[in-house]
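Take a look at the structure below.
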Amino acid sequence: MSIFKYNDTDALGRVKSVDTAIVIVQVADVDRLRKLQVNRLAVLQSSRPGQHLIGIIQKITRNAVEAKEIGDVEGDEDDLKMPTELNLVRITLIGTMVDKLGTQSNVFLRTLETVPEIDANCFAVEGESLTNFMRVIASIAADGEKLSLGHYTLDDKAEAFLNGNKFFQRHAIIVGSTGSGKSWTTARVLECMAGLPNANGIVFDIHGEYRPLKANGIRHLRIAGPKDLDAKSALKDGVVHLPYWLLAYEAMVSMFVDRSDQNAPNQAMLMSRTIIDAKRDYLTRGKHKEVLDNFTIDSPIPFSIADVIARLEELDSEMIPGARSEKQGPFHGKLSRLIERLKNKQTDRRLGFLFQAPKQTMEFDWLDKLVASLVAGTKDQSDKLGGVKIVDFSEVPSDMLPLIISLVAKLIFSIQQWTPSENRHPIALFCDEAHLYIPERQSSSGGESFAIEVFERIAKEGRKYGVGLVVISQRPSEVNRTVLSQCNNLVAMRLTNGDDQNVVRRLLPDSLGGFSDLLPVLDTGEALVVGDASLLPTRVRIRQPENKPNSGTVPFWDKWGEDKEVAILSDSVASWRKQAIQAAKR
Ligand SMILES: Nc1ncnc2c1ncn2[C@@H]1O[C@H](COP(=O)(O)OP(=O)(O)O)[C@@H](O)[C@H]1O
Ligand SMILES: [Mg+2]
């Protein structure tokens, strides 16, 4: 039984022209035209019986046409009946509804096997047939745990399901101006994931926004801040240290070597040499013969930074025998600035998670524990607490974000690459505020170029290794284009800035270009969802997550309206000096 039961007399109009996926329909009846709305659905007769072509109304025009002067007695009878208006509707075809496919009835396919013929009838999908059609769409992903964002704006009884495989395989972006509902949408996706028994994902939470997300399957981790530096044991209570020896060589160079320094090449070269020596020492002392033969500067092997600094200091002040007396060594005085930077970073409390990690992090096997806590899905964890890991980066200095987040992303990607495919458990990376660490325009410092390299690689090759990206940003125009262009799923919320709209427009298929006109008028919590994972490119009202993220918005006026003391500013000064925030006392 077809869900579309139309009489020819209900027809909106007839097809006037067809161009691949774009159809122009002429509407005779102005009353029918008035009821039409852009972005609603229409159905067209297909040349094949039992098939119906579904399209989205993109443009409605009503034009006056010069008619033959009425009363021209010489005129032909027919000329008097010429329409005085030309009412046209432009429709983008998006798929085919098939009454029967094998044993299934009413199946929606995202392909266009046929195109409508000229003069084919076109009907508006509304009322009961809309409800029935949306039901079909909603029931397609019927079994098991589903990825559902909410409901279609077109029909609030029809759930908007996404294909969870395609959403993560083909990467996704969630964009929207600040306050449009990106974090809530992300929380909603995370909650759907957490319902699965062996979910695996990691959220780069820059402001600690996702702290309130408490559900089975969700685990909270936090990059150590200044007040965690006295911790005796690592990885306790979800506090994560990322010891410096995890940094790749490129990252080290961007952190310690000032490229504008004339001695930069020498500094980079000697840093590389001394680090390799220090890693070799470590391996030799630990008798890790099999690693010794194959390690490189980028291998994740602990080494003593104190030894490196000591060796560099030696070279920096080295005197060698000369012809008559001692003379300065080849690197004398050339490494002072490098040494100074190394020492400064080493004692900076804000970077304590790198340089002042507990002793255990220097143990050879400690990396296994770190990897287990970052990369394992629920079932592979000893405590089975949850595979959706929300990692709070709020205490990482903002200029270090690109370097540190890409360190974690790279670690995950490397582990996936070194895992045989049959043992690989897919993992999704949720990059909130991505413009901060996957920027389009890179500055020379802060490891941005390193971060871009890592994320471009994941965007291009992640699918093969089971690493999915979800890029979340309020400034898509400031996010790296190569990464964006690899994202085949778009969840676009209200977006007001013109540059950002243009970037999103370019990610939409050509035929849906007009869809982007909706971007500035979307309601809070409403999104355009387009891409491989969704059957219908359409407007979705996102369901609220069970636990709401912290919006972090300060209600200025309300706060000013409260008649009480709040701030203890001397504590703030003390915290600033100690580089550690005190817990609030009031
Ligand atoms: N799906 C939704 N339904 C209802 N209200 C929402 C929804 N999503 C967001 N909001 C409202 O908008 C506010 C901002 O949402 P948020 O996700 O923090 O925005 P963003 O991350 O885009 O800056 C929330 O505090 C909430 O009041
Ligand atoms: Mg947000």
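Within each chain, counting starts at residue 1; across the structure tokens, chains are named A, B, ... in the order shown, with ligands numbered 1 upward in that order.
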Exercise. Residues up to 10 Å from ligand 1, counting only C-alpha atoms and all ligand atoms: could you list those as number ranges by chain?
Key: A: 149-150, 174-188, 209-210, 432-433, 472-474, 493-495, 523-527, 540-545, 548-553
Quiz prompt | Contacts of range 12-17 of chain A at 8 Å (only C-alpha atoms; same-chain gap of 3+ positions) as a VMD selection string | solution = chain A and resid 23 to 29 32 to 33 116 to 124
Residue subset to file, keeping N, CA and C atoms, as a compact mmCIF listing (two decimals), in the first residue's frame:
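Resulting contents of result.txt:
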```txt
# COMPACT_ATOMS: atom_id res chain seq x y z
N VAL A 23 13.93 20.37 -10.57
CA VAL A 23 12.71 20.29 -11.36
C VAL A 23 11.94 21.60 -11.20
N ILE A 24 11.43 22.13 -12.32
CA ILE A 24 10.59 23.32 -12.24
C ILE A 24 9.15 22.90 -12.51
N VAL A 25 8.28 23.29 -11.60
CA VAL A 25 6.88 22.91 -11.72
C VAL A 25 6.05 24.18 -11.90
N GLN A 26 5.14 24.15 -12.86
CA GLN A 26 4.25 25.30 -13.04
C GLN A 26 2.94 25.05 -12.30
N VAL A 27 2.55 26.01 -11.52
CA VAL A 27 1.34 25.87 -10.72
C VAL A 27 0.26 26.77 -11.30
N ALA A 28 -0.90 26.17 -11.60
CA ALA A 28 -1.95 26.96 -12.23
C ALA A 28 -2.76 27.74 -11.19
N ASP A 29 -3.02 27.10 -10.09
CA ASP A 29 -3.93 27.65 -9.09
C ASP A 29 -3.18 28.50 -8.06
N ARG A 32 -3.38 27.38 -4.38
CA ARG A 32 -2.47 26.28 -4.01
C ARG A 32 -1.05 26.81 -3.80
N LEU A 33 -0.67 27.74 -4.67
CA LEU A 33 0.69 28.30 -4.57
C LEU A 33 0.88 28.99 -3.22
N PRO A 116 11.49 12.74 -13.25
CA PRO A 116 10.11 12.90 -13.69
C PRO A 116 10.07 13.31 -15.16
N GLU A 117 8.97 12.95 -15.81
CA GLU A 117 8.81 13.35 -17.20
C GLU A 117 8.15 14.72 -17.24
N ILE A 118 8.34 15.39 -18.36
CA ILE A 118 7.66 16.68 -18.56
C ILE A 118 6.15 16.43 -18.45
N ASP A 119 5.48 17.34 -17.79
CA ASP A 119 4.03 17.25 -17.57
C ASP A 119 3.63 16.24 -16.50
N ALA A 120 4.63 15.63 -15.83
CA ALA A 120 4.27 14.74 -14.71
C ALA A 120 3.63 15.58 -13.61
N ASN A 121 2.75 14.97 -12.84
CA ASN A 121 2.07 15.69 -11.78
C ASN A 121 2.97 15.86 -10.56
N CYS A 122 2.78 16.98 -9.88
CA CYS A 122 3.52 17.23 -8.65
C CYS A 122 2.51 17.51 -7.53
N PHE A 123 2.75 16.93 -6.36
CA PHE A 123 1.85 17.12 -5.22
C PHE A 123 2.64 17.63 -4.02
N ALA A 124 1.98 18.39 -3.19
CA ALA A 124 2.62 18.80 -1.94
C ALA A 124 2.49 17.64 -0.95
```
Practice problem: Please identify which residues in range 292-386 of chain A DSSP calls helix (DSSP H, G or I) from the backbone, and express them as a ChimeraX atom specification. | Solution: /A:292,305-316,336-347,349-355,359-362,366-375,378-380
Self-check item: Best match for closeness to Gly201 in chain A among A:Val483, A:Ala428, A:Ile173, A:Leu213, counting only C-alpha atoms
Solution: A:Ala428
Quiz item: Which residues, written as a list in words, have at least one atom at most 10 Å from Leu512 in chain A, with only C-alpha atoms counted and residues fewer than 6 positions away on the same chain left out?
Solution: Ile22, Ile56, Gln58, Ile91, Thr92, Leu93, Ile94, Arg505, Val530 and Pro537 of chain A
Distance query Ser406 in chain A at most 9 Å, only C-alpha atoms, self and fewer than 5 positions along chain excluded, as a PDB file with C-alpha atoms, in the first residue's frame:
```pdb
ATOM      1  CA  LEU A 401      46.139  23.784  23.606  1.00  0.00           C
ATOM      2  CA  LEU A 411      48.553   9.048  20.746  1.00  0.00           C
ATOM      3  CA  TYR A 437      43.522  24.158  18.091  1.00  0.00           C
ATOM      4  CA  ILE A 438      42.807  23.181  14.467  1.00  0.00           C
ATOM      5  CA  GLY A 447      52.605  23.956  17.871  1.00  0.00           C
ATOM      6  CA  GLU A 448      49.657  24.872  15.666  1.00  0.00           C
ATOM      7  CA  PHE A 450      51.934  20.264  14.381  1.00  0.00           C
ATOM      8  CA  ALA A 451      48.292  20.090  15.476  1.00  0.00           C
ATOM      9  CA  ILE A 452      47.050  20.778  11.957  1.00  0.00           C
ATOM     10  CA  GLU A 453      49.263  18.012  10.610  1.00  0.00           C
ATOM     11  CA  VAL A 454      47.882  15.524  13.136  1.00  0.00           C
ATOM     12  CA  PHE A 455      44.227  16.386  12.548  1.00  0.00           C
TER      13      PHE A 455
END
```
Quiz item: Out of range 314-429 of chain A, which residues get strand (DSSP E) from DSSP, as a PyMOL selection string?
Solution: chain A and resi 319-321+326-328+388-392+427-429
Generate the output file for the selected residues, N, CA and C atoms, as a tab-separated table (two decimals), in the first residue's frame.
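What follows is the written file out25.tsv:
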```tsv
chain	number	residue	atom	x	y	z
A	319	MET	N	84.97	24.14	26.62
A	319	MET	CA	86.23	24.69	26.13
A	319	MET	C	87.01	23.52	25.53
A	320	ILE	N	87.61	23.76	24.39
A	320	ILE	CA	88.39	22.67	23.78
A	320	ILE	C	89.82	23.13	23.58
A	321	PRO	N	90.76	22.15	23.52
A	321	PRO	CA	92.16	22.52	23.33
A	321	PRO	C	92.36	23.24	22.00
A	326	GLU	N	93.40	27.01	25.42
A	326	GLU	CA	92.03	26.52	25.26
A	326	GLU	C	91.20	27.53	24.48
A	327	LYS	N	90.27	27.02	23.66
A	327	LYS	CA	89.35	27.95	23.02
A	327	LYS	C	87.91	27.47	23.20
A	328	GLN	N	86.97	28.30	22.81
A	328	GLN	CA	85.57	27.95	23.02
A	328	GLN	C	85.15	26.82	22.09
A	388	VAL	N	32.94	6.50	27.02
A	388	VAL	CA	32.86	7.89	26.57
A	388	VAL	C	33.65	8.72	27.58
A	389	LYS	N	34.83	9.15	27.17
A	389	LYS	CA	35.72	9.84	28.10
A	389	LYS	C	35.70	11.34	27.85
A	390	ILE	N	35.28	12.06	28.86
A	390	ILE	CA	35.27	13.52	28.74
A	390	ILE	C	36.53	14.03	29.40
A	391	VAL	N	37.41	14.61	28.62
A	391	VAL	CA	38.70	15.05	29.16
A	391	VAL	C	38.68	16.57	29.30
A	392	ASP	N	38.82	17.01	30.50
A	392	ASP	CA	38.75	18.44	30.83
A	392	ASP	C	40.13	19.07	30.64
A	427	ILE	N	36.99	4.46	17.65
A	427	ILE	CA	36.90	5.53	18.64
A	427	ILE	C	36.59	6.85	17.93
A	428	ALA	N	35.75	7.67	18.55
A	428	ALA	CA	35.41	8.97	17.96
A	428	ALA	C	36.04	10.08	18.79
A	429	LEU	N	36.60	11.08	18.11
A	429	LEU	CA	37.19	12.23	18.80
A	429	LEU	C	36.25	13.43	18.65
```
Quiz item: Any idea what's packed within 9 Å of Pro243 in chain A, counting only C-alpha atoms, ignoring anything in its chain fewer than 5 positions away? Could you give it as a list in words?
Solution: Pro302, Gly352, Phe353, Leu354, Phe355, Gln356, Ala357, Thr361 and Met362 of chain A
Quiz item: What is the CA of Ala310 in chain A-CA of Ser325 in chain A distance in Å, reported with one decimal?
Solution: 25.3 Å
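You can rank A:Ile206, A:Val239, A:Leu229, A:Leu315 by their closest distance to ligand 2 using only C-alpha atoms and all ligand atoms, and at the top of that list sits A:Ile206.
Between Pro197 in chain A and the residues A:Asn497, A:Gln51, A:Asn132, A:Thr378, the shortest atom-to-atom distance, using only C-alpha atoms, involves A:Thr378.
Compared by their closest atoms to ligand 2, and using only C-alpha atoms and all ligand atoms, the residues A:Tyr244, A:His207, A:Thr20, A:Ser575 rank with A:His207 nearest.
The gap separating CA of Pro265 in chain A from CA of Arg337 in chain A is 12.8 Å, in Å to one decimal.
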Practice problem: Find the residue from A:Gly195, A:Arg475, A:Ser129, A:Asp380 that sits nearest to ligand 2; use only C-alpha atoms and all ligand atoms when measuring. | Solution: A:Arg475
Practice problem: May I ask which of the residues A:Asn87, A:Gln360, A:Ser299, A:Asn502 is the closest one to Ser477 in chain A, counting only C-alpha atoms? | Solution: A:Asn502
Compile the contact shell of Phe108 in chain A as a PDB file with all heavy atoms, in the first residue's frame: residues with an atom at most 8 Å away, counting only C-alpha atoms, same-chain residues fewer than 6 positions apart removed.
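Result file follows (selection-v1.pdb):
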```
ATOM      1  N   GLY A  95      15.369  11.975  -3.299  1.00  0.00           N
ATOM      2  CA  GLY A  95      15.315  10.528  -3.166  1.00  0.00           C
ATOM      3  C   GLY A  95      14.061   9.949  -3.773  1.00  0.00           C
ATOM      4  O   GLY A  95      13.242  10.670  -4.346  1.00  0.00           O
ATOM      5  N   THR A  96      13.949   8.640  -3.639  1.00  0.00           N
ATOM      6  CA  THR A  96      12.824   7.934  -4.241  1.00  0.00           C
ATOM      7  C   THR A  96      12.110   7.118  -3.180  1.00  0.00           C
ATOM      8  O   THR A  96      12.754   6.458  -2.366  1.00  0.00           O
ATOM      9  CB  THR A  96      13.333   6.955  -5.331  1.00  0.00           C
ATOM     10  OG1 THR A  96      14.258   7.650  -6.162  1.00  0.00           O
ATOM     11  CG2 THR A  96      12.184   6.411  -6.162  1.00  0.00           C
ATOM     12  N   MET A  97      10.812   7.208  -3.191  1.00  0.00           N
ATOM     13  CA  MET A  97      10.010   6.370  -2.303  1.00  0.00           C
ATOM     14  C   MET A  97       9.495   5.215  -3.158  1.00  0.00           C
ATOM     15  O   MET A  97       8.858   5.444  -4.185  1.00  0.00           O
ATOM     16  CB  MET A  97       8.849   7.220  -1.788  1.00  0.00           C
ATOM     17  CG  MET A  97       8.045   6.571  -0.740  1.00  0.00           C
ATOM     18  SD  MET A  97       8.917   6.649   0.821  1.00  0.00           S
ATOM     19  CE  MET A  97       7.904   5.488   1.712  1.00  0.00           C
ATOM     20  N   VAL A  98       9.798   3.997  -2.733  1.00  0.00           N
ATOM     21  CA  VAL A  98       9.399   2.827  -3.506  1.00  0.00           C
ATOM     22  C   VAL A  98       8.302   2.099  -2.743  1.00  0.00           C
ATOM     23  O   VAL A  98       8.481   1.798  -1.553  1.00  0.00           O
ATOM     24  CB  VAL A  98      10.607   1.886  -3.726  1.00  0.00           C
ATOM     25  CG1 VAL A  98      10.232   0.713  -4.616  1.00  0.00           C
ATOM     26  CG2 VAL A  98      11.769   2.656  -4.321  1.00  0.00           C
ATOM     27  N   VAL A 136       7.763   6.626   7.923  1.00  0.00           N
ATOM     28  CA  VAL A 136       8.594   5.680   7.173  1.00  0.00           C
ATOM     29  C   VAL A 136      10.060   6.028   7.379  1.00  0.00           C
ATOM     30  O   VAL A 136      10.894   5.177   7.688  1.00  0.00           O
ATOM     31  CB  VAL A 136       8.244   5.727   5.664  1.00  0.00           C
ATOM     32  CG1 VAL A 136       9.288   4.971   4.852  1.00  0.00           C
ATOM     33  CG2 VAL A 136       6.865   5.154   5.439  1.00  0.00           C
ATOM     34  N   ILE A 137      10.358   7.306   7.233  1.00  0.00           N
ATOM     35  CA  ILE A 137      11.732   7.753   7.411  1.00  0.00           C
ATOM     36  C   ILE A 137      12.234   7.380   8.805  1.00  0.00           C
ATOM     37  O   ILE A 137      13.332   6.878   8.982  1.00  0.00           O
ATOM     38  CB  ILE A 137      11.807   9.298   7.259  1.00  0.00           C
ATOM     39  CG1 ILE A 137      11.455   9.703   5.841  1.00  0.00           C
ATOM     40  CG2 ILE A 137      13.136   9.831   7.663  1.00  0.00           C
ATOM     41  CD1 ILE A 137      12.489   9.329   4.838  1.00  0.00           C
TER      42      ILE A 137
END
```
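When CA of Leu374 in chain A is paired with CA of Ser148 in chain A, their separation reads 25.8 Å.
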Quiz item: Near Gln169 in chain A, within 12 Å and counting only C-alpha atoms, which residues show up once chain neighbours fewer than 4 positions away are dropped, as a PyMOL selection string?
Solution: chain A and resi 163-165+426-429+458-470+486-489+531-533
